[in-house]
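J.: One file is attached below, data.csv, containing CSV, N, CA and C atoms.
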```csv
chain,number,residue,atom,x,y,z
H,1,MET,N,127.2,123.5,46.8
H,1,MET,CA,126.0,122.8,47.2
H,1,MET,C,126.2,121.3,47.0
H,2,PHE,N,126.9,120.9,46.0
H,2,PHE,CA,127.1,119.4,45.7
H,2,PHE,C,127.6,118.7,46.9
H,3,ALA,N,128.6,119.3,47.6
H,3,ALA,CA,129.2,118.6,48.8
H,3,ALA,C,128.3,118.4,49.9
H,4,CYS,N,127.2,119.1,50.0
H,4,CYS,CA,126.2,119.0,51.1
H,4,CYS,C,125.2,117.9,50.8
H,5,ALA,N,125.1,117.5,49.6
H,5,ALA,CA,124.0,116.5,49.2
H,5,ALA,C,124.3,115.2,49.8
H,6,PRO,N,123.3,114.5,50.3
H,6,PRO,CA,123.5,113.1,50.8
H,6,PRO,C,124.0,112.2,49.7
H,7,THR,N,124.9,111.3,50.1
H,7,THR,CA,125.4,110.4,49.1
H,7,THR,C,124.7,109.0,49.2
H,8,LYS,N,124.5,108.3,48.1
H,8,LYS,CA,123.8,107.1,48.2
H,8,LYS,C,124.8,105.9,48.4
H,9,ASN,N,126.1,106.1,48.1
H,9,ASN,CA,127.0,105.0,48.2
H,9,ASN,C,128.1,105.3,49.2
H,10,ASN,N,127.9,106.3,50.1
H,10,ASN,CA,128.9,106.7,51.1
H,10,ASN,C,130.2,107.2,50.5
H,11,LYS,N,130.2,107.7,49.2
H,11,LYS,CA,131.4,108.2,48.6
H,11,LYS,C,131.5,109.6,49.1
H,12,ILE,N,132.7,109.9,49.5
H,12,ILE,CA,133.0,111.3,50.0
H,12,ILE,C,133.6,112.1,48.8
H,13,PRO,N,133.1,113.2,48.5
H,13,PRO,CA,133.6,114.0,47.4
H,13,PRO,C,135.0,114.4,47.6
H,14,ASP,N,135.8,114.7,46.6
H,14,ASP,CA,137.2,115.1,46.7
H,14,ASP,C,137.4,116.3,47.5
H,15,ASN,N,136.4,117.2,47.5
H,15,ASN,CA,136.6,118.5,48.1
H,15,ASN,C,136.2,118.5,49.6
H,16,VAL,N,135.9,117.3,50.1
H,16,VAL,CA,135.5,117.1,51.5
H,16,VAL,C,136.6,116.4,52.3
H,17,LEU,N,136.9,116.8,53.5
H,17,LEU,CA,137.9,116.2,54.3
H,17,LEU,C,137.5,114.8,54.7
H,18,PRO,N,138.5,113.9,54.7
H,18,PRO,CA,138.1,112.5,55.1
H,18,PRO,C,137.8,112.4,56.6
H,19,PRO,N,137.0,111.4,57.0
H,19,PRO,CA,136.5,111.4,58.4
H,19,PRO,C,137.6,111.4,59.4
H,20,ASP,N,138.7,110.7,59.2
H,20,ASP,CA,139.8,110.7,60.3
H,20,ASP,C,140.4,112.1,60.5
H,21,LYS,N,140.5,112.9,59.4
H,21,LYS,CA,141.0,114.2,59.5
H,21,LYS,C,140.0,115.1,60.2
H,22,MET,N,138.7,114.9,60.0
H,22,MET,CA,137.7,115.6,60.7
H,22,MET,C,137.7,115.4,62.1
H,23,VAL,N,137.9,114.1,62.5
H,23,VAL,CA,138.1,113.8,63.9
H,23,VAL,C,139.2,114.5,64.6
H,24,ASP,N,140.4,114.5,63.9
H,24,ASP,CA,141.6,115.1,64.4
H,24,ASP,C,141.3,116.6,64.6
H,25,MET,N,140.8,117.2,63.6
H,25,MET,CA,140.5,118.7,63.6
H,25,MET,C,139.5,119.0,64.7
H,26,MET,N,138.4,118.3,64.7
H,26,MET,CA,137.4,118.6,65.7
H,26,MET,C,137.8,118.4,67.1
H,27,ALA,N,138.7,117.4,67.3
H,27,ALA,CA,139.3,117.3,68.7
H,27,ALA,C,140.1,118.5,69.1
H,28,ASP,N,140.9,118.9,68.2
H,28,ASP,CA,141.7,120.1,68.4
H,28,ASP,C,140.9,121.4,68.6
H,29,LEU,N,139.8,121.5,67.8
H,29,LEU,CA,138.9,122.7,67.9
H,29,LEU,C,138.2,122.6,69.3
H,30,HIS,N,137.7,121.5,69.7
H,30,HIS,CA,137.0,121.4,71.0
H,30,HIS,C,138.0,121.7,72.1
H,31,ILE,N,139.2,121.2,72.0
H,31,ILE,CA,140.2,121.5,73.1
H,31,ILE,C,140.5,123.0,73.1
H,32,SER,N,140.6,123.6,72.0
H,32,SER,CA,140.9,125.0,72.0
H,32,SER,C,139.7,125.8,72.5
H,33,GLU,N,138.5,125.3,72.2
H,33,GLU,CA,137.3,126.0,72.8
H,33,GLU,C,137.3,125.9,74.3
H,34,MET,N,137.7,124.8,74.9
H,34,MET,CA,137.7,124.7,76.3
H,34,MET,C,138.8,125.6,76.9
H,35,ILE,N,139.9,125.7,76.2
H,35,ILE,CA,141.0,126.6,76.7
H,35,ILE,C,140.4,128.0,76.8
H,36,VAL,N,139.8,128.5,75.8
H,36,VAL,CA,139.2,129.8,75.7
H,36,VAL,C,138.1,130.0,76.8
H,37,ARG,N,137.3,129.0,76.9
H,37,ARG,CA,136.2,129.1,77.9
H,37,ARG,C,136.7,129.1,79.4
H,38,ASN,N,137.8,128.5,79.6
H,38,ASN,CA,138.4,128.5,80.9
H,38,ASN,C,139.4,129.6,81.2
H,39,SER,N,139.5,130.5,80.2
H,39,SER,CA,140.4,131.6,80.3
H,39,SER,C,139.8,132.6,81.3
H,40,PRO,N,140.7,133.3,82.1
H,40,PRO,CA,140.2,134.3,83.0
H,40,PRO,C,139.7,135.6,82.3
H,41,HIS,N,140.0,135.7,81.0
H,41,HIS,CA,139.6,136.9,80.3
H,41,HIS,C,138.2,136.7,79.8
H,42,GLY,N,137.6,137.8,79.4
H,42,GLY,CA,136.2,137.7,78.9
H,42,GLY,C,136.0,138.5,77.7
H,43,GLY,N,134.8,138.5,77.2
H,43,GLY,CA,134.4,139.4,76.1
H,43,GLY,C,135.2,139.3,74.8
H,44,ASP,N,135.6,140.4,74.4
H,44,ASP,CA,136.4,140.5,73.1
H,44,ASP,C,137.7,139.7,73.1
H,45,THR,N,138.3,139.7,74.3
H,45,THR,CA,139.6,138.9,74.4
H,45,THR,C,139.3,137.4,74.1
H,46,ASN,N,138.3,136.9,74.7
H,46,ASN,CA,138.0,135.5,74.4
H,46,ASN,C,137.6,135.2,72.9
H,47,ILE,N,136.9,136.1,72.3
H,47,ILE,CA,136.6,136.0,70.9
H,47,ILE,C,137.9,136.0,70.1
H,48,LEU,N,138.8,136.9,70.4
H,48,LEU,CA,140.0,137.0,69.6
H,48,LEU,C,140.9,135.7,69.9
H,49,ASN,N,140.9,135.3,71.1
H,49,ASN,CA,141.6,134.0,71.4
H,49,ASN,C,141.0,132.9,70.7
H,50,ALA,N,139.7,132.7,70.6
H,50,ALA,CA,139.1,131.6,69.9
H,50,ALA,C,139.4,131.7,68.4
H,51,LEU,N,139.4,132.8,67.9
H,51,LEU,CA,139.7,132.9,66.4
H,51,LEU,C,141.1,132.6,66.2
H,52,GLY,N,142.0,133.0,67.1
H,52,GLY,CA,143.4,132.7,66.9
H,52,GLY,C,143.7,131.2,67.1
H,53,TYR,N,143.1,130.5,68.0
H,53,TYR,CA,143.2,129.1,68.2
H,53,TYR,C,142.6,128.3,67.0
H,54,ASN,N,141.4,128.7,66.5
H,54,ASN,CA,140.8,128.1,65.4
H,54,ASN,C,141.7,128.2,64.2
H,55,ASN,N,142.3,129.4,63.9
H,55,ASN,CA,143.2,129.6,62.8
H,55,ASN,C,144.4,128.8,62.9
H,56,PHE,N,144.9,128.6,64.1
H,56,PHE,CA,146.1,127.7,64.3
H,56,PHE,C,145.7,126.3,63.9
H,57,VAL,N,144.6,125.8,64.3
H,57,VAL,CA,144.2,124.5,64.0
H,57,VAL,C,144.0,124.3,62.5
H,58,TYR,N,143.4,125.3,61.8
H,58,TYR,CA,143.3,125.2,60.4
H,58,TYR,C,144.6,125.1,59.7
H,59,GLN,N,145.6,126.0,60.2
H,59,GLN,CA,146.9,126.0,59.6
H,59,GLN,C,147.6,124.7,59.9
H,60,LYS,N,147.5,124.1,61.1
H,60,LYS,CA,148.1,122.9,61.5
H,60,LYS,C,147.8,121.8,60.5
H,61,TYR,N,146.5,121.7,60.0
H,61,TYR,CA,146.0,120.7,59.1
H,61,TYR,C,146.1,121.1,57.6
H,62,GLY,N,146.5,122.4,57.4
H,62,GLY,CA,146.6,122.8,56.0
H,62,GLY,C,145.2,123.0,55.3
H,63,VAL,N,144.3,123.5,56.1
H,63,VAL,CA,142.9,123.6,55.7
H,63,VAL,C,142.4,125.0,56.0
H,64,THR,N,141.5,125.5,55.1
H,64,THR,CA,140.9,126.7,55.4
H,64,THR,C,139.6,126.5,56.2
H,65,ASP,N,139.1,127.6,56.8
H,65,ASP,CA,137.9,127.4,57.6
H,65,ASP,C,136.7,127.1,56.6
H,66,SER,N,136.7,127.6,55.4
H,66,SER,CA,135.6,127.3,54.5
H,66,SER,C,135.6,125.8,54.1
H,67,ILE,N,136.8,125.2,53.9
H,67,ILE,CA,136.8,123.8,53.6
H,67,ILE,C,136.4,123.0,54.8
H,68,PHE,N,136.7,123.4,56.0
H,68,PHE,CA,136.3,122.6,57.1
H,68,PHE,C,134.8,122.7,57.2
H,69,LYS,N,134.2,123.9,57.0
H,69,LYS,CA,132.7,124.1,57.1
H,69,LYS,C,132.0,123.3,56.0
H,70,LEU,N,132.6,123.4,54.8
H,70,LEU,CA,132.0,122.6,53.7
H,70,LEU,C,132.0,121.1,54.1
H,71,SER,N,133.1,120.6,54.6
H,71,SER,CA,133.2,119.2,55.0
H,71,SER,C,132.2,118.9,56.1
H,72,TYR,N,132.1,119.8,57.1
H,72,TYR,CA,131.1,119.5,58.2
H,72,TYR,C,129.7,119.5,57.7
H,73,ASP,N,129.4,120.4,56.8
H,73,ASP,CA,128.0,120.4,56.2
H,73,ASP,C,127.7,119.1,55.4
H,74,PHE,N,128.8,118.6,54.7
H,74,PHE,CA,128.6,117.4,54.0
H,74,PHE,C,128.2,116.3,55.0
H,75,TYR,N,128.9,116.2,56.1
H,75,TYR,CA,128.7,115.1,57.1
H,75,TYR,C,127.4,115.3,57.8
H,76,VAL,N,127.0,116.5,58.0
H,76,VAL,CA,125.6,116.8,58.6
H,76,VAL,C,124.5,116.2,57.8
H,77,HIS,N,124.7,116.3,56.5
H,77,HIS,CA,123.7,115.7,55.6
H,77,HIS,C,123.9,114.2,55.3
H,78,ASN,N,124.9,113.6,56.0
H,78,ASN,CA,125.2,112.2,55.9
H,78,ASN,C,125.3,111.7,57.4
H,79,PRO,N,124.2,111.6,58.1
H,79,PRO,CA,124.2,111.4,59.5
H,79,PRO,C,124.9,110.1,60.0
H,80,ILE,N,124.9,109.1,59.2
H,80,ILE,CA,125.6,107.8,59.6
H,80,ILE,C,127.1,108.1,59.7
H,81,MET,N,127.6,108.8,58.7
H,81,MET,CA,129.0,109.2,58.7
H,81,MET,C,129.3,110.1,59.9
H,82,LEU,N,128.4,111.1,60.1
H,82,LEU,CA,128.6,112.0,61.2
H,82,LEU,C,128.6,111.3,62.5
H,83,ASP,N,127.7,110.4,62.7
H,83,ASP,CA,127.7,109.6,64.0
H,83,ASP,C,129.0,108.9,64.2
H,84,SER,N,129.6,108.3,63.2
H,84,SER,CA,130.9,107.6,63.3
H,84,SER,C,132.0,108.6,63.7
H,85,ILE,N,132.0,109.8,63.1
H,85,ILE,CA,132.9,110.8,63.4
H,85,ILE,C,132.8,111.2,64.9
H,86,TYR,N,131.6,111.5,65.3
H,86,TYR,CA,131.4,111.9,66.7
H,86,TYR,C,131.7,110.8,67.7
H,87,ALA,N,131.5,109.5,67.3
H,87,ALA,CA,131.8,108.4,68.2
H,87,ALA,C,133.4,108.4,68.4
H,88,LYS,N,134.1,108.5,67.3
H,88,LYS,CA,135.6,108.6,67.4
H,88,LYS,C,136.0,109.8,68.2
H,89,LEU,N,135.4,110.9,67.9
H,89,LEU,CA,135.7,112.2,68.6
H,89,LEU,C,135.5,112.0,70.1
H,90,ILE,N,134.4,111.5,70.5
H,90,ILE,CA,134.1,111.3,72.0
H,90,ILE,C,135.2,110.4,72.6
H,91,THR,N,135.5,109.3,71.9
H,91,THR,CA,136.6,108.4,72.4
H,91,THR,C,137.9,109.2,72.5
H,92,ARG,N,138.3,109.9,71.5
H,92,ARG,CA,139.5,110.7,71.5
H,92,ARG,C,139.6,111.7,72.7
H,93,LEU,N,138.5,112.5,72.9
H,93,LEU,CA,138.5,113.5,73.9
H,93,LEU,C,138.5,112.8,75.3
H,94,SER,N,137.8,111.7,75.4
H,94,SER,CA,137.8,111.0,76.7
H,94,SER,C,139.2,110.4,77.0
H,95,GLU,N,139.9,110.0,76.0
H,95,GLU,CA,141.3,109.5,76.3
H,95,GLU,C,142.2,110.7,76.7
H,96,LYS,N,142.0,111.8,76.0
H,96,LYS,CA,142.8,113.0,76.4
H,96,LYS,C,142.5,113.4,77.8
H,97,GLN,N,141.2,113.4,78.2
H,97,GLN,CA,140.8,113.8,79.5
H,97,GLN,C,141.4,112.8,80.6
H,98,SER,N,141.4,111.5,80.3
H,98,SER,CA,142.0,110.6,81.2
H,98,SER,C,143.5,110.8,81.4
H,99,GLN,N,144.2,111.1,80.2
H,99,GLN,CA,145.6,111.4,80.3
H,99,GLN,C,145.9,112.6,81.2
H,100,LEU,N,145.1,113.6,81.1
H,100,LEU,CA,145.3,114.8,81.9
H,100,LEU,C,145.0,114.5,83.3
H,101,LYS,N,144.0,113.7,83.6
H,101,LYS,CA,143.8,113.4,85.0
H,101,LYS,C,144.9,112.6,85.6
H,102,GLU,N,145.5,111.7,84.8
H,102,GLU,CA,146.7,111.0,85.3
H,102,GLU,C,147.9,111.8,85.7
H,103,LYS,N,148.0,112.9,84.9
H,103,LYS,CA,149.2,113.8,85.2
H,103,LYS,C,149.0,114.6,86.4
H,104,LYS,N,147.8,114.8,86.9
H,104,LYS,CA,147.6,115.6,88.1
H,104,LYS,C,147.9,114.9,89.4
```
Go ahead and express the file in the form of C-alpha coordinates.
T.:
Amino acid sequence: MFACAPTKNNKIPDNVLPPDKMVDMMADLHISEMIVRNSPHGGDTNILNALGYNNFVYQKYGVTDSIFKLSYDFYVHNPIMLDSIYAKLITRLSEKQSQLKEKK
(Lines of atoms letter the chains of each structure in order from A and count residues from 1; the text may use other names and numbers.)
(Lines give C-alpha, C1' and ligand atoms only; values in the text may rest on other atoms or scores of the structure.)
Protein backbone atom coordinates (compact mmCIF):
# COMPACT_ATOMS: atom_id res chain seq x y z
CA MET A 1 0.00 0.00 0.00
CA PHE A 2 2.89 2.35 0.68
CA ALA A 3 3.88 2.42 -2.98
CA CYS A 4 0.45 3.69 -3.98
CA ALA A 5 0.41 6.66 -1.64
CA PRO A 6 0.98 10.07 -3.22
CA THR A 7 4.39 11.51 -2.52
CA LYS A 8 4.93 15.06 -1.37
CA ASN A 9 8.43 15.48 -2.77
CA ASN A 10 8.12 13.38 -5.94
CA LYS A 11 10.37 10.72 -4.44
CA ILE A 12 9.87 7.38 -6.09
CA PRO A 13 10.04 4.45 -3.65
CA ASP A 14 12.73 1.85 -4.25
CA ASN A 15 10.15 -0.82 -5.11
CA VAL A 16 8.68 1.28 -7.95
CA LEU A 17 10.05 1.25 -11.49
CA PRO A 18 11.60 4.53 -12.64
CA PRO A 19 9.63 6.60 -15.16
CA ASP A 20 11.90 5.87 -18.14
CA LYS A 21 11.59 2.13 -17.62
CA MET A 22 7.82 2.50 -17.34
CA VAL A 23 7.77 4.33 -20.68
CA ASP A 24 9.85 1.58 -22.30
CA MET A 25 7.70 -1.19 -20.90
CA MET A 26 4.40 0.52 -21.63
CA ALA A 27 5.47 1.15 -25.23
CA ASP A 28 6.28 -2.54 -25.68
CA LEU A 29 3.04 -3.57 -23.98
CA HIS A 30 0.97 -1.26 -26.20
CA ILE A 31 2.70 -2.57 -29.32
CA SER A 32 2.11 -6.17 -28.26
CA GLU A 33 -1.54 -5.35 -27.61
CA MET A 34 -1.89 -3.98 -31.14
CA ILE A 35 -0.25 -7.12 -32.56
CA VAL A 36 -2.80 -9.27 -30.74
CA ARG A 37 -5.73 -7.04 -31.72
CA ASN A 38 -4.74 -7.20 -35.37
CA SER A 39 -4.30 -10.96 -35.26
CA PRO A 40 -6.66 -12.98 -37.45
CA HIS A 41 -7.30 -15.31 -34.52
CA GLY A 42 -9.92 -14.62 -31.93
CA GLY A 43 -11.17 -15.57 -28.50
CA ASP A 44 -8.96 -17.78 -26.39
CA THR A 45 -6.11 -17.67 -28.90
CA ASN A 46 -5.86 -13.89 -28.59
CA ILE A 47 -5.97 -14.10 -24.79
CA LEU A 48 -3.13 -16.64 -24.79
CA ASN A 49 -1.15 -14.56 -27.27
CA ALA A 50 -1.61 -11.42 -25.17
CA LEU A 51 -0.43 -13.21 -22.03
CA GLY A 52 2.57 -14.57 -23.91
CA TYR A 53 3.54 -11.16 -25.27
CA ASN A 54 3.08 -9.52 -21.87
CA ASN A 55 5.22 -12.17 -20.20
CA PHE A 56 7.90 -11.63 -22.86
CA VAL A 57 7.92 -7.90 -22.11
CA TYR A 58 8.18 -8.51 -18.36
CA GLN A 59 11.07 -10.92 -18.94
CA LYS A 60 12.78 -8.50 -21.33
CA TYR A 61 12.92 -5.89 -18.57
CA GLY A 62 13.53 -8.34 -15.73
CA VAL A 63 10.29 -7.36 -13.99
CA THR A 64 7.33 -9.33 -12.70
CA ASP A 65 3.78 -8.37 -13.59
CA SER A 66 3.14 -7.55 -9.93
CA ILE A 67 6.04 -5.07 -9.80
CA PHE A 68 4.78 -3.45 -13.01
CA LYS A 69 1.25 -3.20 -11.57
CA LEU A 70 2.54 -1.84 -8.26
CA SER A 71 4.56 0.77 -10.15
CA TYR A 72 1.62 1.72 -12.36
CA ASP A 73 -0.59 2.10 -9.28
CA PHE A 74 2.02 4.37 -7.72
CA TYR A 75 2.01 6.63 -10.78
CA VAL A 76 -1.80 6.64 -10.96
CA HIS A 77 -1.74 8.16 -7.48
CA ASN A 78 0.88 10.68 -8.63
CA PRO A 79 -0.83 12.19 -11.68
CA ILE A 80 1.86 14.73 -12.54
CA MET A 81 4.39 11.92 -12.89
CA LEU A 82 1.86 9.80 -14.79
CA ASP A 83 1.17 12.67 -17.21
CA SER A 84 4.89 12.92 -17.91
CA ILE A 85 5.12 9.17 -18.52
CA TYR A 86 2.18 9.25 -20.93
CA ALA A 87 3.57 12.29 -22.77
CA LYS A 88 6.81 10.40 -23.38
CA LEU A 89 4.88 7.25 -24.28
CA ILE A 90 2.78 9.07 -26.87
CA THR A 91 5.92 10.56 -28.40
CA ARG A 92 7.61 7.16 -28.49
CA LEU A 93 4.63 5.41 -30.09
CA SER A 94 4.20 8.22 -32.62
CA GLU A 95 7.86 7.91 -33.61
CA LYS A 96 7.51 4.15 -34.05
CA GLN A 97 4.37 4.65 -36.13
CA SER A 98 6.21 7.11 -38.38
CA GLN A 99 9.11 4.68 -38.80
CA LEU A 100 6.70 1.94 -39.85
CA LYS A 101 4.95 4.22 -42.34
CA GLU A 102 8.32 5.12 -43.88
CA LYS A 103 9.13 1.44 -44.41
CA LYS A 104 5.93 0.85 -46.41
J.: If you measure from CA of Met25 (chain H) to atom C of Lys96 (chain H), what distance in Å do you get, rounded to one decimal?
T.: 15.3 Å
J.: Using Å and a single decimal, report how far CA of Asn15 (chain H) sits from atom N of Ile90 (chain H).
T.: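 Separation of atom N of Ile90 (chain H) and CA of Asn15 (chain H): 23.6 Å.
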J.: Can you pull out every residue within 8 Å of Asp24 (chain H), counting all atoms listed in the file, but drop anything in the same chain fewer than 5 positions away, and send it as a ChimeraX atom specification?
T.: /H:19,29-30,88-89
J.: Quick one: pull the distance between CA of Met26 (chain H) and CA of Phe74 (chain H), Å, one decimal.
T.: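 Separating CA of Met26 (chain H) from CA of Phe74 (chain H) is a distance of 14.7 Å.
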J.: With only N, CA and C atoms as the atoms that count, which of H:Glu102, H:Tyr72, H:Glu95, H:Ile85 lies nearest to Val23 (chain H)?
T.: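 Smallest distance to Val23 (chain H) is found for H:Ile85.
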J.: Which one of H:Ser84, H:Arg92, H:Leu70, H:Glu33 sits closest to Val16 (chain H) if you count all atoms listed in the file?
T.: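 The closest residue to Val16 (chain H) is H:Leu70.
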J.: Just write region 61-73 of chain H with N, CA and C atoms, as a PDB file, in the first residue's frame, taken from the block above.
T.:
```
ATOM      1  N   TYR H  61      12.500  -6.939 -19.500  1.00  0.00           N
ATOM      2  CA  TYR H  61      12.924  -5.893 -18.573  1.00  0.00           C
ATOM      3  C   TYR H  61      13.273  -6.429 -17.178  1.00  0.00           C
ATOM      4  N   GLY H  62      13.186  -7.752 -17.013  1.00  0.00           N
ATOM      5  CA  GLY H  62      13.533  -8.344 -15.729  1.00  0.00           C
ATOM      6  C   GLY H  62      12.596  -7.937 -14.608  1.00  0.00           C
ATOM      7  N   VAL H  63      11.299  -7.852 -14.934  1.00  0.00           N
ATOM      8  CA  VAL H  63      10.294  -7.360 -13.992  1.00  0.00           C
ATOM      9  C   VAL H  63       9.133  -8.349 -13.952  1.00  0.00           C
ATOM     10  N   THR H  64       8.537  -8.496 -12.797  1.00  0.00           N
ATOM     11  CA  THR H  64       7.329  -9.325 -12.701  1.00  0.00           C
ATOM     12  C   THR H  64       6.107  -8.455 -13.000  1.00  0.00           C
ATOM     13  N   ASP H  65       5.005  -9.127 -13.333  1.00  0.00           N
ATOM     14  CA  ASP H  65       3.784  -8.367 -13.588  1.00  0.00           C
ATOM     15  C   ASP H  65       3.321  -7.639 -12.334  1.00  0.00           C
ATOM     16  N   SER H  66       3.567  -8.207 -11.167  1.00  0.00           N
ATOM     17  CA  SER H  66       3.142  -7.546  -9.929  1.00  0.00           C
ATOM     18  C   SER H  66       3.957  -6.274  -9.650  1.00  0.00           C
ATOM     19  N   ILE H  67       5.233  -6.288  -9.976  1.00  0.00           N
ATOM     20  CA  ILE H  67       6.045  -5.071  -9.804  1.00  0.00           C
ATOM     21  C   ILE H  67       5.578  -3.999 -10.794  1.00  0.00           C
ATOM     22  N   PHE H  68       5.282  -4.412 -12.027  1.00  0.00           N
ATOM     23  CA  PHE H  68       4.782  -3.447 -13.007  1.00  0.00           C
ATOM     24  C   PHE H  68       3.469  -2.843 -12.524  1.00  0.00           C
ATOM     25  N   LYS H  69       2.553  -3.686 -12.047  1.00  0.00           N
ATOM     26  CA  LYS H  69       1.251  -3.196 -11.574  1.00  0.00           C
ATOM     27  C   LYS H  69       1.409  -2.293 -10.356  1.00  0.00           C
ATOM     28  N   LEU H  70       2.272  -2.667  -9.433  1.00  0.00           N
ATOM     29  CA  LEU H  70       2.541  -1.843  -8.256  1.00  0.00           C
ATOM     30  C   LEU H  70       3.065  -0.477  -8.681  1.00  0.00           C
ATOM     31  N   SER H  71       3.979  -0.481  -9.652  1.00  0.00           N
ATOM     32  CA  SER H  71       4.559   0.770 -10.145  1.00  0.00           C
ATOM     33  C   SER H  71       3.499   1.618 -10.836  1.00  0.00           C
ATOM     34  N   TYR H  72       2.677   0.983 -11.663  1.00  0.00           N
ATOM     35  CA  TYR H  72       1.623   1.717 -12.359  1.00  0.00           C
ATOM     36  C   TYR H  72       0.655   2.340 -11.348  1.00  0.00           C
ATOM     37  N   ASP H  73       0.298   1.576 -10.328  1.00  0.00           N
ATOM     38  CA  ASP H  73      -0.591   2.100  -9.282  1.00  0.00           C
ATOM     39  C   ASP H  73       0.027   3.305  -8.584  1.00  0.00           C
TER      40      ASP H  73
END
```
